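Engineer: Got a structure for you, protein21.txt, holding compact mmCIF, C-alpha atoms and all ligand atoms.
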```
# COMPACT_ATOMS: atom_id res chain seq x y z
CA MET C 385 -10.45 -11.62 72.36
CA ASN C 386 -9.27 -14.97 70.97
CA ILE C 387 -9.30 -14.98 67.17
CA GLY C 388 -8.70 -18.08 65.04
CA ILE C 389 -7.57 -17.49 61.47
CA ILE C 390 -8.56 -20.17 58.93
CA GLY C 391 -6.43 -19.38 55.88
CA SER C 392 -3.22 -17.52 56.66
CA GLY C 393 -2.47 -16.05 53.24
CA ASN C 394 -2.73 -12.42 52.10
CA MET C 395 -5.89 -11.60 54.06
CA GLY C 396 -5.50 -13.87 57.08
CA SER C 397 -1.92 -12.84 57.78
CA GLY C 398 -2.69 -9.12 57.35
CA LEU C 399 -5.78 -9.03 59.55
CA GLY C 400 -4.34 -11.43 62.13
CA ARG C 401 -1.22 -9.31 62.50
CA ILE C 402 -3.23 -6.12 63.07
CA TRP C 403 -5.51 -7.74 65.66
CA ALA C 404 -2.58 -9.34 67.49
CA LYS C 405 -0.82 -5.98 67.66
CA LYS C 406 -4.04 -4.56 69.13
CA GLY C 407 -3.76 -7.09 71.97
CA HIS C 408 -6.02 -9.90 70.73
CA GLN C 409 -4.79 -13.50 70.98
CA VAL C 410 -4.47 -14.86 67.44
CA ILE C 411 -3.99 -18.40 66.13
CA PHE C 412 -2.85 -18.66 62.51
CA SER C 413 -3.96 -21.85 60.76
CA TYR C 414 -4.62 -23.45 57.40
CA SER C 415 -1.60 -23.17 55.13
CA ARG C 416 0.12 -25.89 53.14
CA SER C 417 3.31 -24.87 54.94
CA LYS C 418 3.73 -25.40 58.68
CA ASP C 419 6.92 -23.31 58.53
CA LYS C 420 5.00 -20.40 57.03
CA LEU C 421 2.48 -20.48 59.90
CA GLU C 422 5.21 -20.73 62.53
CA ASN C 423 7.32 -17.93 61.00
CA LEU C 424 4.24 -15.74 60.80
CA ALA C 425 3.31 -16.38 64.42
CA ARG C 426 6.91 -15.81 65.59
CA ALA C 427 6.97 -12.38 63.96
CA VAL C 428 3.78 -11.22 65.69
CA PRO C 429 3.15 -10.59 69.40
CA ASN C 430 0.19 -12.47 70.95
CA ALA C 431 0.12 -14.99 68.10
CA ARG C 432 0.71 -18.69 67.68
CA ALA C 433 0.36 -21.27 64.93
CA GLY C 434 -2.03 -24.20 65.12
CA THR C 435 -4.31 -26.51 63.21
CA PRO C 436 -7.71 -25.25 62.04
CA ALA C 437 -9.39 -27.42 64.69
CA GLU C 438 -7.17 -25.88 67.41
CA ALA C 439 -7.90 -22.40 66.09
CA VAL C 440 -11.65 -23.04 66.38
CA ALA C 441 -11.44 -24.73 69.78
CA SER C 442 -9.41 -21.87 71.31
CA SER C 443 -11.27 -18.92 69.81
CA GLU C 444 -14.64 -17.25 70.12
CA ILE C 445 -14.06 -15.47 66.80
CA ILE C 446 -13.05 -17.21 63.57
CA LEU C 447 -11.92 -15.46 60.38
CA ILE C 448 -12.53 -17.46 57.20
CA SER C 449 -9.92 -16.22 54.73
CA VAL C 450 -9.52 -18.82 52.00
CA ARG C 451 -10.23 -18.77 48.30
CA TRP C 452 -13.75 -19.70 47.30
CA ALA C 453 -12.57 -22.90 45.60
CA ASP C 454 -11.04 -24.07 48.93
CA ILE C 455 -13.95 -23.20 51.20
CA LYS C 456 -15.38 -26.71 51.65
CA ASP C 457 -11.98 -28.25 52.44
CA ALA C 458 -11.13 -25.45 54.88
CA LEU C 459 -14.44 -25.72 56.74
CA LYS C 460 -14.08 -29.49 56.91
CA ALA C 461 -10.62 -29.10 58.44
CA ALA C 462 -11.98 -26.54 60.92
CA GLY C 463 -14.90 -28.68 62.10
CA PRO C 464 -18.10 -27.51 63.86
CA MET C 465 -18.35 -23.82 64.81
CA GLU C 466 -21.63 -23.71 66.68
CA GLY C 467 -21.97 -20.53 68.75
CA LYS C 468 -18.78 -18.98 67.31
CA ILE C 469 -18.65 -15.60 65.64
CA VAL C 470 -17.50 -16.36 62.11
CA ILE C 471 -16.18 -13.48 60.02
CA ASP C 472 -16.37 -14.16 56.30
CA CYS C 473 -14.02 -11.99 54.21
CA THR C 474 -14.20 -14.18 51.12
CA ASN C 475 -15.30 -13.25 47.65
CA PRO C 476 -16.74 -16.06 45.52
CA LEU C 477 -14.55 -15.30 42.51
CA LYS C 478 -14.58 -17.48 39.41
CA GLU C 479 -11.34 -19.43 38.99
CA ASP C 480 -10.27 -17.10 36.12
CA LEU C 481 -11.17 -14.00 38.26
CA SER C 482 -13.51 -12.79 35.50
CA GLY C 483 -16.47 -12.32 37.85
CA LEU C 484 -18.42 -13.80 40.74
CA ALA C 485 -19.30 -17.49 40.64
CA ILE C 486 -22.53 -16.93 42.62
CA GLY C 487 -24.79 -13.98 43.41
CA HIS C 488 -28.22 -12.34 43.08
CA THR C 489 -30.10 -15.13 44.88
CA THR C 490 -27.36 -16.07 47.35
CA SER C 491 -23.83 -15.06 48.41
CA ALA C 492 -20.65 -16.63 49.74
CA ALA C 493 -21.62 -15.46 53.23
CA GLU C 494 -25.02 -17.16 53.09
CA GLU C 495 -23.52 -20.35 51.65
CA ILE C 496 -20.88 -20.39 54.39
CA ALA C 497 -23.60 -19.85 57.03
CA ARG C 498 -25.34 -22.96 55.69
CA MET C 499 -22.07 -24.92 55.92
CA VAL C 500 -21.44 -23.95 59.58
CA PRO C 501 -24.79 -24.48 61.31
CA GLY C 502 -25.23 -22.54 64.54
CA ALA C 503 -22.37 -20.15 63.80
CA ARG C 504 -22.99 -16.38 63.96
CA VAL C 505 -21.73 -15.34 60.54
CA VAL C 506 -20.80 -11.74 59.75
CA LYS C 507 -19.56 -10.58 56.35
CA ALA C 508 -16.76 -8.01 56.56
CA PHE C 509 -13.36 -6.96 55.20
CA ASN C 510 -14.08 -8.28 51.68
CA THR C 511 -14.19 -4.87 49.94
CA VAL C 512 -10.59 -3.83 50.68
CA PHE C 513 -7.46 -5.29 49.09
CA ALA C 514 -5.00 -7.22 51.26
CA GLU C 515 -2.33 -4.62 50.52
CA VAL C 516 -4.22 -2.16 52.72
CA TYR C 517 -4.11 -4.61 55.67
CA HIS C 518 -0.36 -4.94 55.19
CA SER C 519 0.22 -1.17 55.16
CA ASN C 520 1.38 0.64 58.27
CA SER C 521 -1.86 2.63 58.47
CA ARG C 522 -5.43 2.50 57.21
CA LEU C 523 -5.65 6.30 57.05
CA TYR C 524 -6.07 8.11 53.72
CA GLY C 525 -5.02 11.61 54.61
CA SER C 526 -6.98 12.18 57.80
CA ARG C 527 -9.82 9.93 56.66
CA ARG C 528 -10.70 6.39 57.70
CA PRO C 529 -12.18 4.23 54.91
CA THR C 530 -15.63 2.70 55.35
CA MET C 531 -15.91 -1.01 56.08
CA PHE C 532 -19.34 -2.38 55.27
CA TYR C 533 -20.44 -5.40 57.30
CA CYS C 534 -23.65 -7.41 57.54
CA GLY C 535 -25.12 -10.31 59.48
CA ASP C 536 -28.22 -11.63 61.21
CA ASP C 537 -26.89 -11.72 64.81
CA SER C 538 -26.77 -8.27 66.42
CA GLY C 539 -24.39 -9.37 69.21
CA ALA C 540 -21.93 -10.80 66.68
CA LYS C 541 -22.18 -7.67 64.58
CA SER C 542 -21.39 -5.47 67.53
CA VAL C 543 -18.22 -7.49 68.27
CA VAL C 544 -17.17 -7.37 64.61
CA SER C 545 -17.83 -3.64 64.50
CA LYS C 546 -15.21 -3.19 67.27
CA LEU C 547 -12.76 -5.42 65.37
CA ILE C 548 -13.32 -3.26 62.28
CA SER C 549 -12.50 -0.16 64.34
CA ASP C 550 -9.38 -1.92 65.65
CA VAL C 551 -8.24 -2.35 62.06
CA GLY C 552 -8.71 1.37 61.45
CA PHE C 553 -11.90 1.55 59.40
CA GLU C 554 -15.24 3.22 59.98
CA PRO C 555 -17.69 0.33 60.53
CA MET C 556 -20.91 0.61 58.50
CA ASP C 557 -23.76 -1.73 59.44
CA SER C 558 -25.22 -2.83 56.11
CA GLY C 559 -28.11 -4.92 57.43
CA PRO C 560 -28.80 -8.67 57.36
CA LEU C 561 -26.44 -11.34 56.05
CA LYS C 562 -28.40 -11.25 52.81
CA SER C 563 -26.75 -7.85 52.12
CA ALA C 564 -23.62 -9.86 51.30
CA ARG C 565 -25.32 -10.16 47.91
CA TYR C 566 -24.45 -6.47 47.50
CA LEU C 567 -21.09 -6.43 49.31
CA GLU C 568 -19.56 -9.20 47.21
CA PRO C 569 -20.25 -7.40 43.88
CA LEU C 570 -18.82 -4.27 45.53
CA ALA C 571 -15.56 -6.16 45.92
CA MET C 572 -15.75 -6.99 42.22
CA LEU C 573 -16.02 -3.25 41.51
CA MET C 574 -12.85 -2.71 43.55
CA ILE C 575 -11.10 -5.43 41.50
CA GLN C 576 -12.23 -3.68 38.30
CA LEU C 577 -10.95 -0.31 39.59
CA GLY C 578 -7.74 -1.74 41.01
CA TYR C 579 -6.69 -3.86 38.06
CA ALA C 580 -8.62 -3.07 34.84
CA GLN C 581 -8.83 0.68 35.51
CA GLY C 582 -5.25 0.77 36.74
CA MET C 583 -5.85 2.37 40.14
CA GLY C 584 -3.83 -0.28 41.96
CA THR C 585 -4.65 -2.09 45.17
CA ASN C 586 -3.98 0.64 47.72
CA ILE C 587 -7.51 2.03 47.32
CA ALA C 588 -10.53 2.04 49.64
CA MET C 589 -14.08 3.39 49.74
CA SER C 590 -15.46 6.09 52.01
CA LEU C 591 -19.21 6.69 52.38
CA ILE C 592 -20.21 10.31 52.82
CA ARG C 593 -23.59 11.54 54.00
CA ARG C 594 -25.32 14.78 55.00
N1 LIG I 601 -6.27 -10.75 48.45
C1 LIG I 601 -7.13 -9.72 48.54
O1 LIG I 601 -6.79 -8.56 48.23
C2 LIG I 601 -8.54 -9.96 49.01
C3 LIG I 601 -9.35 -8.86 49.34
C4 LIG I 601 -10.63 -9.08 49.84
C5 LIG I 601 -11.11 -10.38 49.95
N2 LIG I 601 -10.31 -11.43 49.57
C6 LIG I 601 -10.86 -12.79 49.69
O2 LIG I 601 -10.25 -13.37 50.83
C7 LIG I 601 -10.07 -14.78 50.64
C8 LIG I 601 -8.60 -15.11 50.86
O3 LIG I 601 -7.84 -14.43 49.87
P1 LIG I 601 -6.24 -14.38 49.98
O4 LIG I 601 -5.78 -13.45 48.91
O5 LIG I 601 -5.83 -14.15 51.38
O6 LIG I 601 -5.87 -15.88 49.55
P2 LIG I 601 -4.49 -16.63 49.78
O7 LIG I 601 -3.39 -15.65 49.95
O8 LIG I 601 -4.37 -17.63 48.70
O9 LIG I 601 -4.70 -17.37 51.19
C9 LIG I 601 -5.43 -18.55 51.31
C10 LIG I 601 -4.85 -19.41 52.40
O10 LIG I 601 -5.47 -20.70 52.32
C11 LIG I 601 -4.46 -21.69 52.38
N3 LIG I 601 -4.82 -22.92 51.68
C12 LIG I 601 -5.32 -23.06 50.43
N4 LIG I 601 -5.48 -24.36 50.14
C13 LIG I 601 -5.04 -25.05 51.22
C14 LIG I 601 -4.97 -26.43 51.54
N5 LIG I 601 -5.35 -27.37 50.68
N6 LIG I 601 -4.48 -26.79 52.74
C15 LIG I 601 -4.08 -25.84 53.64
N7 LIG I 601 -4.14 -24.51 53.39
C16 LIG I 601 -4.61 -24.13 52.21
C17 LIG I 601 -3.28 -21.05 51.68
O11 LIG I 601 -2.14 -21.79 52.00
P3 LIG I 601 -0.65 -21.37 51.59
O12 LIG I 601 -0.19 -20.50 52.72
O13 LIG I 601 0.06 -22.66 51.52
O14 LIG I 601 -0.74 -20.64 50.28
C18 LIG I 601 -3.33 -19.64 52.24
O15 LIG I 601 -2.69 -19.57 53.50
C19 LIG I 601 -10.55 -15.08 49.20
O16 LIG I 601 -11.86 -15.58 49.26
C20 LIG I 601 -10.52 -13.71 48.53
O17 LIG I 601 -11.46 -13.61 47.48
C21 LIG I 601 -9.04 -11.25 49.12
```
Would you put the structure from the file into structure tokens?
Structural biologist:
Amino acid sequence: MNIGIIGSGNMGSGLGRIWAKKGHQVIFSYSRSKDKLENLARAVPNARAGTPAEAVASSEIILISVRWADIKDALKAAGPMEGKIVIDCTNPLKEDLSGLAIGHTTSAAEEIARMVPGARVVKAFNTVFAEVYHSNSRLYGSRRPTMFYCGDDSGAKSVVSKLISDVGFEPMDSGPLKSARYLEPLAMLMIQLGYAQGMGTNIAMSLIRR
């Protein structure tokens, strides 16, 4: 598939690299450094660098991987995304990282969906630290971590579920896009565990059932 990355920092570079290695065509975009985008693309098979508008025009799937404070600027640079599958991995963190800036009655995913009318938005990848995407493997022992995802478009969710498997996680359908109101606080729990509780960023969740 053709995947456009809007925001080629920790998350965008990690996920883009994995998908490109899996055979997807990836366009890295949105960095303040053109050299950074070009060096990244050169180091990865099936990848190239471009502008956000080029990334959107050439791709049926778009990953939004920018900080919450930059979301409006990034979406403006990307332009309309009608009909595209838009994966939102953001967390709407406060500037001082002390908590979430929004929640309970909305979520970053729902706000992004409002900003990109007609796009098929799916929330995913926000509950795992970027370090895990930059590791050689997503396996913990013999176990694949769970990746929760949610959205209102079943076709888009099915495509994203396959992309989650490509990354090496067990996809877990968590319902409508509104469930992002639960997935974004879950990321905050991971930040608490990783930093305040000292577990570090090479951690992931696994859902068990019987
Ligand atoms: N990091 C994690 O562990 C993690 C885990 C889960 C979810 N998330 C969420 O994922 C999102 C991305 O996080 P991240 O850690 O990947 O952030 P990041 O490393 O800061 O990447 C953001 C990207 O946006 C680009 N950017 C910012 N302002 C720009 C501007 N004015 N013009 C052009 N490009 C600009 C940055 O450019 P430069 O290349 O010039 O810096 C960078 O490539 C956030 O919402 C975060 O909450 C992060």
Engineer: Of the candidates C:Val450, C:Cys534, C:Ile387, C:Ala425, which shows the shortest atom-to-atom distance to ligand LIG 601 (chain I), using all atoms listed in the file?
Structural biologist: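 So, comparing all the options, the nearest one is C:Val450.
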Engineer: Which residues are near ligand LIG 601 (chain I) in this structure, taking near to mean any atom at most 7 Å from a ligand atom and counting only C-alpha atoms and all ligand atoms? Format them as a tab-separated table (two decimals) with C-alpha atoms, in the frame of the given file.
Structural biologist:
```tsv
chain	number	residue	atom	x	y	z
C	391	GLY	CA	-6.43	-19.38	55.88
C	392	SER	CA	-3.22	-17.52	56.66
C	393	GLY	CA	-2.47	-16.05	53.24
C	394	ASN	CA	-2.73	-12.42	52.10
C	395	MET	CA	-5.89	-11.60	54.06
C	396	GLY	CA	-5.50	-13.87	57.08
C	414	TYR	CA	-4.62	-23.45	57.40
C	415	SER	CA	-1.60	-23.17	55.13
C	416	ARG	CA	0.12	-25.89	53.14
C	417	SER	CA	3.31	-24.87	54.94
C	420	LYS	CA	5.00	-20.40	57.03
C	449	SER	CA	-9.92	-16.22	54.73
C	450	VAL	CA	-9.52	-18.82	52.00
C	451	ARG	CA	-10.23	-18.77	48.30
C	452	TRP	CA	-13.75	-19.70	47.30
C	454	ASP	CA	-11.04	-24.07	48.93
C	457	ASP	CA	-11.98	-28.25	52.44
C	473	CYS	CA	-14.02	-11.99	54.21
C	474	THR	CA	-14.20	-14.18	51.12
C	475	ASN	CA	-15.30	-13.25	47.65
C	476	PRO	CA	-16.74	-16.06	45.52
C	477	LEU	CA	-14.55	-15.30	42.51
C	509	PHE	CA	-13.36	-6.96	55.20
C	510	ASN	CA	-14.08	-8.28	51.68
C	511	THR	CA	-14.19	-4.87	49.94
C	512	VAL	CA	-10.59	-3.83	50.68
C	513	PHE	CA	-7.46	-5.29	49.09
C	514	ALA	CA	-5.00	-7.22	51.26
C	515	GLU	CA	-2.33	-4.62	50.52
C	571	ALA	CA	-15.56	-6.16	45.92
```
Engineer: Taking all atoms listed in the file into account, which of C:Leu523, C:Val516, C:Ala497, C:Met531 comes nearest C:Ile587?
Structural biologist: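 Residue with the minimum atom-to-atom distance to C:Ile587: C:Val516.
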Engineer: Which one of C:Glu438, C:Asp557, C:Asp550, C:Glu568 sits closest to C:Ala461 if you count only C-alpha atoms?
Structural biologist: C:Glu438
Engineer: If you measure from atom CA of C:Phe532 to atom CA of C:Leu573, what distance in Å do you get, rounded to one decimal?
Structural biologist: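 Atom-to-atom, atom CA of C:Phe532 and atom CA of C:Leu573 are spaced 14.2 Å apart.
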